[in-house]
file entry-v7.cif (mmCIF, C-alpha atoms)
data_model
#
loop_
_atom_site.group_PDB
_atom_site.id
_atom_site.type_symbol
_atom_site.label_atom_id
_atom_site.label_comp_id
_atom_site.auth_asym_id
_atom_site.auth_seq_id
_atom_site.Cartn_x
_atom_site.Cartn_y
_atom_site.Cartn_z
ATOM 1 C CA MET A 19 20.961 20.250 -6.924
ATOM 2 C CA MET A 20 17.811 18.797 -8.494
ATOM 3 C CA LYS A 21 14.924 18.063 -6.121
ATOM 4 C CA LYS A 22 13.817 14.429 -5.792
ATOM 5 C CA VAL A 23 10.245 13.198 -6.067
ATOM 6 C CA VAL A 24 9.205 9.587 -5.689
ATOM 7 C CA VAL A 25 5.848 8.306 -6.967
ATOM 8 C CA ILE A 26 4.928 5.041 -5.228
ATOM 9 C CA TYR A 27 1.789 3.173 -6.242
ATOM 10 C CA TRP A 28 -0.131 -0.086 -6.152
ATOM 11 C CA SER A 29 -2.393 -0.984 -9.057
ATOM 12 C CA GLY A 30 -4.444 -4.105 -9.619
ATOM 13 C CA THR A 31 -6.075 -3.295 -12.959
ATOM 14 C CA GLY A 32 -3.783 -0.617 -14.390
ATOM 15 C CA ASN A 33 -6.026 2.361 -13.578
ATOM 16 C CA THR A 34 -3.868 3.666 -10.736
ATOM 17 C CA LYS A 35 -0.711 2.840 -12.699
ATOM 18 C CA ALA A 36 -1.927 5.154 -15.489
ATOM 19 C CA MET A 37 -2.549 7.830 -12.875
ATOM 20 C CA ALA A 38 0.925 7.326 -11.360
ATOM 21 C CA GLU A 39 2.615 7.695 -14.736
ATOM 22 C CA ALA A 40 0.766 10.977 -15.363
ATOM 23 C CA VAL A 41 1.571 12.305 -11.868
ATOM 24 C CA ALA A 42 5.255 11.516 -12.472
ATOM 25 C CA GLU A 43 5.089 13.230 -15.869
ATOM 26 C CA GLY A 44 3.717 16.358 -14.208
ATOM 27 C CA CYS A 45 6.750 16.644 -11.904
ATOM 28 C CA THR A 46 8.830 18.629 -14.373
ATOM 29 C CA ASP A 47 12.342 19.840 -13.610
ATOM 30 C CA MET A 48 12.652 17.227 -10.855
ATOM 31 C CA GLU A 49 14.449 13.928 -10.479
ATOM 32 C CA VAL A 50 11.474 11.545 -10.471
ATOM 33 C CA ARG A 51 11.365 7.857 -9.543
ATOM 34 C CA LEU A 52 8.224 5.920 -10.398
ATOM 35 C CA LEU A 53 7.983 2.741 -8.316
ATOM 36 C CA GLN A 54 5.432 0.048 -7.688
ATOM 37 C CA VAL A 55 5.101 -0.296 -3.935
ATOM 38 C CA SER A 56 6.684 -3.768 -4.131
ATOM 39 C CA GLU A 57 9.878 -2.094 -5.450
ATOM 40 C CA ALA A 58 9.834 0.766 -2.941
ATOM 41 C CA SER A 59 11.545 1.057 0.415
ATOM 42 C CA VAL A 60 11.220 3.411 3.348
ATOM 43 C CA ASP A 61 14.617 4.803 2.242
ATOM 44 C CA HIS A 62 13.055 5.944 -1.057
ATOM 45 C CA VAL A 63 10.572 7.995 0.966
ATOM 46 C CA ALA A 64 13.173 9.279 3.433
ATOM 47 C CA GLU A 65 15.548 10.417 0.649
ATOM 48 C CA ALA A 66 12.869 12.169 -1.434
ATOM 49 C CA ASP A 67 12.030 15.846 -1.111
ATOM 50 C CA ALA A 68 8.379 15.020 -1.868
ATOM 51 C CA VAL A 69 6.275 11.885 -2.344
ATOM 52 C CA ALA A 70 3.147 10.918 -4.265
ATOM 53 C CA PHE A 71 1.338 7.768 -3.117
ATOM 54 C CA GLY A 72 -1.285 6.059 -5.250
ATOM 55 C CA CYS A 73 -3.644 3.214 -4.391
ATOM 56 C CA PRO A 74 -7.130 2.313 -5.578
ATOM 57 C CA ALA A 75 -10.059 1.728 -3.251
ATOM 58 C CA MET A 76 -10.180 -1.917 -2.274
ATOM 59 C CA GLY A 77 -12.748 -3.993 -0.395
ATOM 60 C CA SER A 78 -14.971 -1.768 1.679
ATOM 61 C CA GLU A 79 -13.106 1.405 0.680
ATOM 62 C CA GLU A 80 -9.667 0.686 2.098
ATOM 63 C CA LEU A 81 -6.058 0.511 0.916
ATOM 64 C CA ASP A 82 -4.683 -2.657 -0.647
ATOM 65 C CA ASP A 83 -3.846 -4.776 2.393
ATOM 66 C CA THR A 84 -1.197 -6.981 0.787
ATOM 67 C CA GLU A 85 1.375 -4.336 -0.189
ATOM 68 C CA MET A 86 0.290 -0.695 0.213
ATOM 69 C CA GLU A 87 -1.185 -0.978 3.718
ATOM 70 C CA PRO A 88 1.940 -2.597 5.235
ATOM 71 C CA PHE A 89 4.157 -0.074 3.404
ATOM 72 C CA ILE A 90 2.219 2.929 4.744
ATOM 73 C CA ALA A 91 2.285 1.363 8.229
ATOM 74 C CA SER A 92 6.099 1.093 8.001
ATOM 75 C CA LEU A 93 6.676 4.802 7.284
ATOM 76 C CA SER A 94 6.494 6.088 10.889
ATOM 77 C CA ASP A 95 8.343 9.411 11.123
ATOM 78 C CA ASN A 96 9.799 9.287 7.599
ATOM 79 C CA VAL A 97 6.920 11.468 6.393
ATOM 80 C CA VAL A 98 6.961 14.139 9.112
ATOM 81 C CA ASN A 99 6.749 17.545 7.372
ATOM 82 C CA LYS A 100 7.299 15.849 3.993
ATOM 83 C CA PRO A 101 5.218 17.294 1.114
ATOM 84 C CA ILE A 102 2.876 14.521 -0.028
ATOM 85 C CA VAL A 103 -0.017 14.013 -2.440
ATOM 86 C CA LEU A 104 -2.358 11.026 -2.614
ATOM 87 C CA PHE A 105 -4.246 9.618 -5.583
ATOM 88 C CA GLY A 106 -6.145 6.548 -6.688
ATOM 89 C CA SER A 107 -8.947 5.083 -8.731
ATOM 90 C CA TYR A 108 -12.214 3.605 -7.549
ATOM 91 C CA GLY A 109 -15.126 1.699 -8.985
ATOM 92 C CA TRP A 110 -17.716 2.160 -6.262
ATOM 93 C CA GLY A 111 -18.332 4.132 -3.097
ATOM 94 C CA ASN A 112 -17.822 7.818 -2.426
ATOM 95 C CA GLY A 113 -14.098 8.185 -1.835
ATOM 96 C CA GLU A 114 -14.171 7.383 1.883
ATOM 97 C CA TRP A 115 -10.893 5.455 1.567
ATOM 98 C CA MET A 116 -9.140 8.604 0.380
ATOM 99 C CA ALA A 117 -10.480 10.728 3.251
ATOM 100 C CA ASP A 118 -9.362 8.044 5.725
ATOM 101 C CA TRP A 119 -5.934 7.866 4.054
ATOM 102 C CA GLU A 120 -5.549 11.660 4.196
ATOM 103 C CA ASP A 121 -6.375 11.655 7.918
ATOM 104 C CA ARG A 122 -3.890 8.873 8.515
ATOM 105 C CA MET A 123 -1.077 10.663 6.682
ATOM 106 C CA LEU A 124 -1.800 13.853 8.621
ATOM 107 C CA ASP A 125 -1.649 11.822 11.846
ATOM 108 C CA LEU A 126 1.823 10.626 10.749
ATOM 109 C CA GLY A 127 2.879 14.272 10.390
ATOM 110 C CA ALA A 128 2.882 14.450 6.589
ATOM 111 C CA LYS A 129 2.351 17.787 4.870
ATOM 112 C CA LEU A 130 -0.524 17.115 2.459
ATOM 113 C CA ILE A 131 -0.238 19.630 -0.377
ATOM 114 C CA THR A 132 -3.812 19.244 -1.624
ATOM 115 C CA GLU A 133 -6.823 16.949 -1.356
ATOM 116 C CA GLY A 134 -6.337 13.434 -2.679
ATOM 117 C CA LEU A 135 -7.250 12.931 -6.325
ATOM 118 C CA ILE A 136 -9.742 10.165 -7.012
ATOM 119 C CA ILE A 137 -10.833 9.066 -10.462
ATOM 120 C CA ASN A 138 -13.573 6.585 -11.309
ATOM 121 C CA GLU A 139 -12.076 3.599 -13.171
ATOM 122 C CA MET A 140 -9.491 4.287 -15.932
ATOM 123 C CA PRO A 141 -8.588 7.971 -16.214
ATOM 124 C CA ASP A 142 -9.778 9.592 -19.433
ATOM 125 C CA GLU A 143 -8.014 12.527 -21.091
ATOM 126 C CA GLU A 144 -9.371 14.953 -18.471
ATOM 127 C CA GLY A 145 -8.345 12.578 -15.679
ATOM 128 C CA ILE A 146 -4.793 12.304 -17.048
ATOM 129 C CA LYS A 147 -4.661 16.105 -17.173
ATOM 130 C CA LYS A 148 -5.716 16.260 -13.495
ATOM 131 C CA CYS A 149 -2.993 13.746 -12.604
ATOM 132 C CA LYS A 150 -0.336 15.800 -14.390
ATOM 133 C CA GLU A 151 -1.586 18.905 -12.555
ATOM 134 C CA LEU A 152 -1.270 17.021 -9.275
ATOM 135 C CA GLY A 153 2.354 16.269 -10.136
ATOM 136 C CA LYS A 154 2.958 19.933 -11.000
ATOM 137 C CA THR A 155 1.393 21.019 -7.698
ATOM 138 C CA LEU A 156 3.685 18.665 -5.785
ATOM 139 C CA ALA A 157 6.754 19.845 -7.703
ATOM 140 C CA LYS A 158 5.904 23.524 -7.058
ATOM 141 C CA ALA A 159 5.688 22.790 -3.334
ATOM 142 C CA ILE A 160 9.425 21.980 -3.258
ATOM 143 C CA GLU A 161 10.853 24.352 -5.864
#

call {"tool": "encode", "arguments": {"input": "entry-v7.cif", "output": "structure tokens"}}
result
Amino acid sequence: MMKKVVVIYWSGTGNTKAMAEAVAEGCTDMEVRLLQVSEASVDHVAEADAVAFGCPAMGSEELDDTEMEPFIASLSDNVVNKPIVLFGSYGWGNGEWMADWEDRMLDLGAKLITEGLIINEMPDEEGIKKCKELGKTLAKAIE
């Protein structure tokens, strides 16, 4: 049976959306669902073998508080021991939002496969390559 990966993201300008599409593309030989967080449910996370979450840095280096923050808060034990990767774009700061997000997911019991991937603004060709590699790394974790 084919393994299931869900890529759930929030994007305001399209930068993180471009990253999400490349992460999904990197998950080869998997059943992949690419969903904006507004389309996603906790069931999508619970039913997946692995999950990639993407959100840009907002405000003072935090997650989007209208959709992504409430979604992450709703996950509770649906991520315990689940292989997860995090990614997102930023326009300022030093990536503190990603470090905070990683700590939070670990506190929820998630199994972070690698450090979160952050890319300044719109990913260039090298950035897209890194996103695809992130997807491959996630897929290999559940082969």

call {"tool": "closest_residue", "arguments": {"input": "entry-v7.cif", "among": "A:Asp95, A:Ile131, A:Glu144, A:Pro74", "to": "Asp61 of chain A", "atoms": "only C-alpha atoms"}}
result
A:Asp95

call {"tool": "atom_distance", "arguments": {"input": "entry-v7.cif", "atom1": "atom CA of Ala117 of chain A", "atom2": "atom CA of Lys22 of chain A"}}
result
26.2 Å

call {"tool": "resolve_selection", "arguments": {"input": "entry-v7.cif", "expression": "the PyMOL selection byres ((chain A and resi 66) around 8)", "output": "ChimeraX atom specification"}}
result
/A:21-24,62-65,67-69

call {"tool": "write_last_selection", "arguments": {"input": "entry-v7.cif", "atoms": "C-alpha atoms", "output": "tab-separated table (two decimals), in the frame of the given file"}}
result
chain	number	residue	atom	x	y	z
A	21	LYS	CA	14.92	18.06	-6.12
A	22	LYS	CA	13.82	14.43	-5.79
A	23	VAL	CA	10.24	13.20	-6.07
A	24	VAL	CA	9.20	9.59	-5.69
A	62	HIS	CA	13.06	5.94	-1.06
A	63	VAL	CA	10.57	8.00	0.97
A	64	ALA	CA	13.17	9.28	3.43
A	65	GLU	CA	15.55	10.42	0.65
A	67	ASP	CA	12.03	15.85	-1.11
A	68	ALA	CA	8.38	15.02	-1.87
A	69	VAL	CA	6.28	11.88	-2.34

call {"tool": "resolve_selection", "arguments": {"input": "entry-v7.cif", "expression": "the PyMOL selection byres ((chain A and resi 152) around 9)", "output": "list of chain:residue names"}}
result
A:Ala40, A:Val41, A:Gly44, A:Cys45, A:Val103, A:Phe105, A:Thr132, A:Leu135, A:Lys147, A:Lys148, A:Cys149, A:Lys150, A:Glu151, A:Gly153, A:Lys154, A:Thr155, A:Leu156, A:Ala157

call {"tool": "resolve_selection", "arguments": {"input": "entry-v7.cif", "expression": "the PyMOL selection byres ((chain A and resi 91-94) around 9)", "output": "compact mmCIF listing (two decimals) with C-alpha atoms, in the coordinates of the input"}}
result
# COMPACT_ATOMS: atom_id res chain seq x y z
CA VAL A 60 11.22 3.41 3.35
CA VAL A 63 10.57 8.00 0.97
CA ALA A 64 13.17 9.28 3.43
CA MET A 86 0.29 -0.70 0.21
CA GLU A 87 -1.18 -0.98 3.72
CA PRO A 88 1.94 -2.60 5.24
CA PHE A 89 4.16 -0.07 3.40
CA ILE A 90 2.22 2.93 4.74
CA ASP A 95 8.34 9.41 11.12
CA ASN A 96 9.80 9.29 7.60
CA VAL A 97 6.92 11.47 6.39
CA VAL A 98 6.96 14.14 9.11
CA LEU A 126 1.82 10.63 10.75
CA GLY A 127 2.88 14.27 10.39

call {"tool": "closest_residue", "arguments": {"input": "entry-v7.cif", "among": "A:Leu104, A:Met116, A:Val50, A:Met37", "to": "Glu79 of chain A", "atoms": "all atoms listed in the file"}}
result
A:Met116

call {"tool": "residues_near_point", "arguments": {"input": "entry-v7.cif", "point": "(-4.2, -2.4, -3.5)", "cutoff": "12 Å", "atoms": "all atoms listed in the file", "output": "ChimeraX atom specification"}}
result
/A:26-35,54-56,71-90,106-108,115

call {"tool": "write_last_selection", "arguments": {"input": "entry-v7.cif", "atoms": "C-alpha atoms", "output": "PDB file, keeping the file's coordinate frame"}}
result
ATOM      1  CA  ILE A  26       4.928   5.041  -5.228  1.00  0.00           C
ATOM      2  CA  TYR A  27       1.789   3.173  -6.242  1.00  0.00           C
ATOM      3  CA  TRP A  28      -0.131  -0.086  -6.152  1.00  0.00           C
ATOM      4  CA  SER A  29      -2.393  -0.984  -9.057  1.00  0.00           C
ATOM      5  CA  GLY A  30      -4.444  -4.105  -9.619  1.00  0.00           C
ATOM      6  CA  THR A  31      -6.075  -3.295 -12.959  1.00  0.00           C
ATOM      7  CA  GLY A  32      -3.783  -0.617 -14.390  1.00  0.00           C
ATOM      8  CA  ASN A  33      -6.026   2.361 -13.578  1.00  0.00           C
ATOM      9  CA  THR A  34      -3.868   3.666 -10.736  1.00  0.00           C
ATOM     10  CA  LYS A  35      -0.711   2.840 -12.699  1.00  0.00           C
ATOM     11  CA  GLN A  54       5.432   0.048  -7.688  1.00  0.00           C
ATOM     12  CA  VAL A  55       5.101  -0.296  -3.935  1.00  0.00           C
ATOM     13  CA  SER A  56       6.684  -3.768  -4.131  1.00  0.00           C
ATOM     14  CA  PHE A  71       1.338   7.768  -3.117  1.00  0.00           C
ATOM     15  CA  GLY A  72      -1.285   6.059  -5.250  1.00  0.00           C
ATOM     16  CA  CYS A  73      -3.644   3.214  -4.391  1.00  0.00           C
ATOM     17  CA  PRO A  74      -7.130   2.313  -5.578  1.00  0.00           C
ATOM     18  CA  ALA A  75     -10.059   1.728  -3.251  1.00  0.00           C
ATOM     19  CA  MET A  76     -10.180  -1.917  -2.274  1.00  0.00           C
ATOM     20  CA  GLY A  77     -12.748  -3.993  -0.395  1.00  0.00           C
ATOM     21  CA  SER A  78     -14.971  -1.768   1.679  1.00  0.00           C
ATOM     22  CA  GLU A  79     -13.106   1.405   0.680  1.00  0.00           C
ATOM     23  CA  GLU A  80      -9.667   0.686   2.098  1.00  0.00           C
ATOM     24  CA  LEU A  81      -6.058   0.511   0.916  1.00  0.00           C
ATOM     25  CA  ASP A  82      -4.683  -2.657  -0.647  1.00  0.00           C
ATOM     26  CA  ASP A  83      -3.846  -4.776   2.393  1.00  0.00           C
ATOM     27  CA  THR A  84      -1.197  -6.981   0.787  1.00  0.00           C
ATOM     28  CA  GLU A  85       1.375  -4.336  -0.189  1.00  0.00           C
ATOM     29  CA  MET A  86       0.290  -0.695   0.213  1.00  0.00           C
ATOM     30  CA  GLU A  87      -1.185  -0.978   3.718  1.00  0.00           C
ATOM     31  CA  PRO A  88       1.940  -2.597   5.235  1.00  0.00           C
ATOM     32  CA  PHE A  89       4.157  -0.074   3.404  1.00  0.00           C
ATOM     33  CA  ILE A  90       2.219   2.929   4.744  1.00  0.00           C
ATOM     34  CA  GLY A 106      -6.145   6.548  -6.688  1.00  0.00           C
ATOM     35  CA  SER A 107      -8.947   5.083  -8.731  1.00  0.00           C
ATOM     36  CA  TYR A 108     -12.214   3.605  -7.549  1.00  0.00           C
ATOM     37  CA  TRP A 115     -10.893   5.455   1.567  1.00  0.00           C
TER      38      TRP A 115
END

call {"tool": "closest_residue", "arguments": {"input": "entry-v7.cif", "among": "A:Leu53, A:Ala58, A:Glu39, A:Asn99", "to": "Asp125 of chain A", "atoms": "all atoms listed in the file"}}
result
A:Asn99

call {"tool": "atom_distance", "arguments": {"input": "entry-v7.cif", "atom1": "atom CA of Pro101 of chain A", "atom2": "atom CA of Ala70 of chain A"}}
result
8.6 Å

call {"tool": "axis_aligned_box", "arguments": {"input": "entry-v7.cif", "around": "segment 28-44 of chain A", "padding_each_side": "4 Å", "output": "JSON"}}
result
{"center_x": -0.4, "center_y": 6.1, "center_z": -11.0, "size_x": 19.3, "size_y": 28.5, "size_z": 17.7}

call {"tool": "closest_residue", "arguments": {"input": "entry-v7.cif", "among": "A:Leu124, A:Met20, A:Ile136, A:Ile146", "to": "Ala42 of chain A", "atoms": "only C-alpha atoms"}}
result
A:Ile146

call {"tool": "atom_distance", "arguments": {"input": "entry-v7.cif", "atom1": "atom CA of Gly134 of chain A", "atom2": "atom CA of Asp121 of chain A"}}
result
10.7 Å
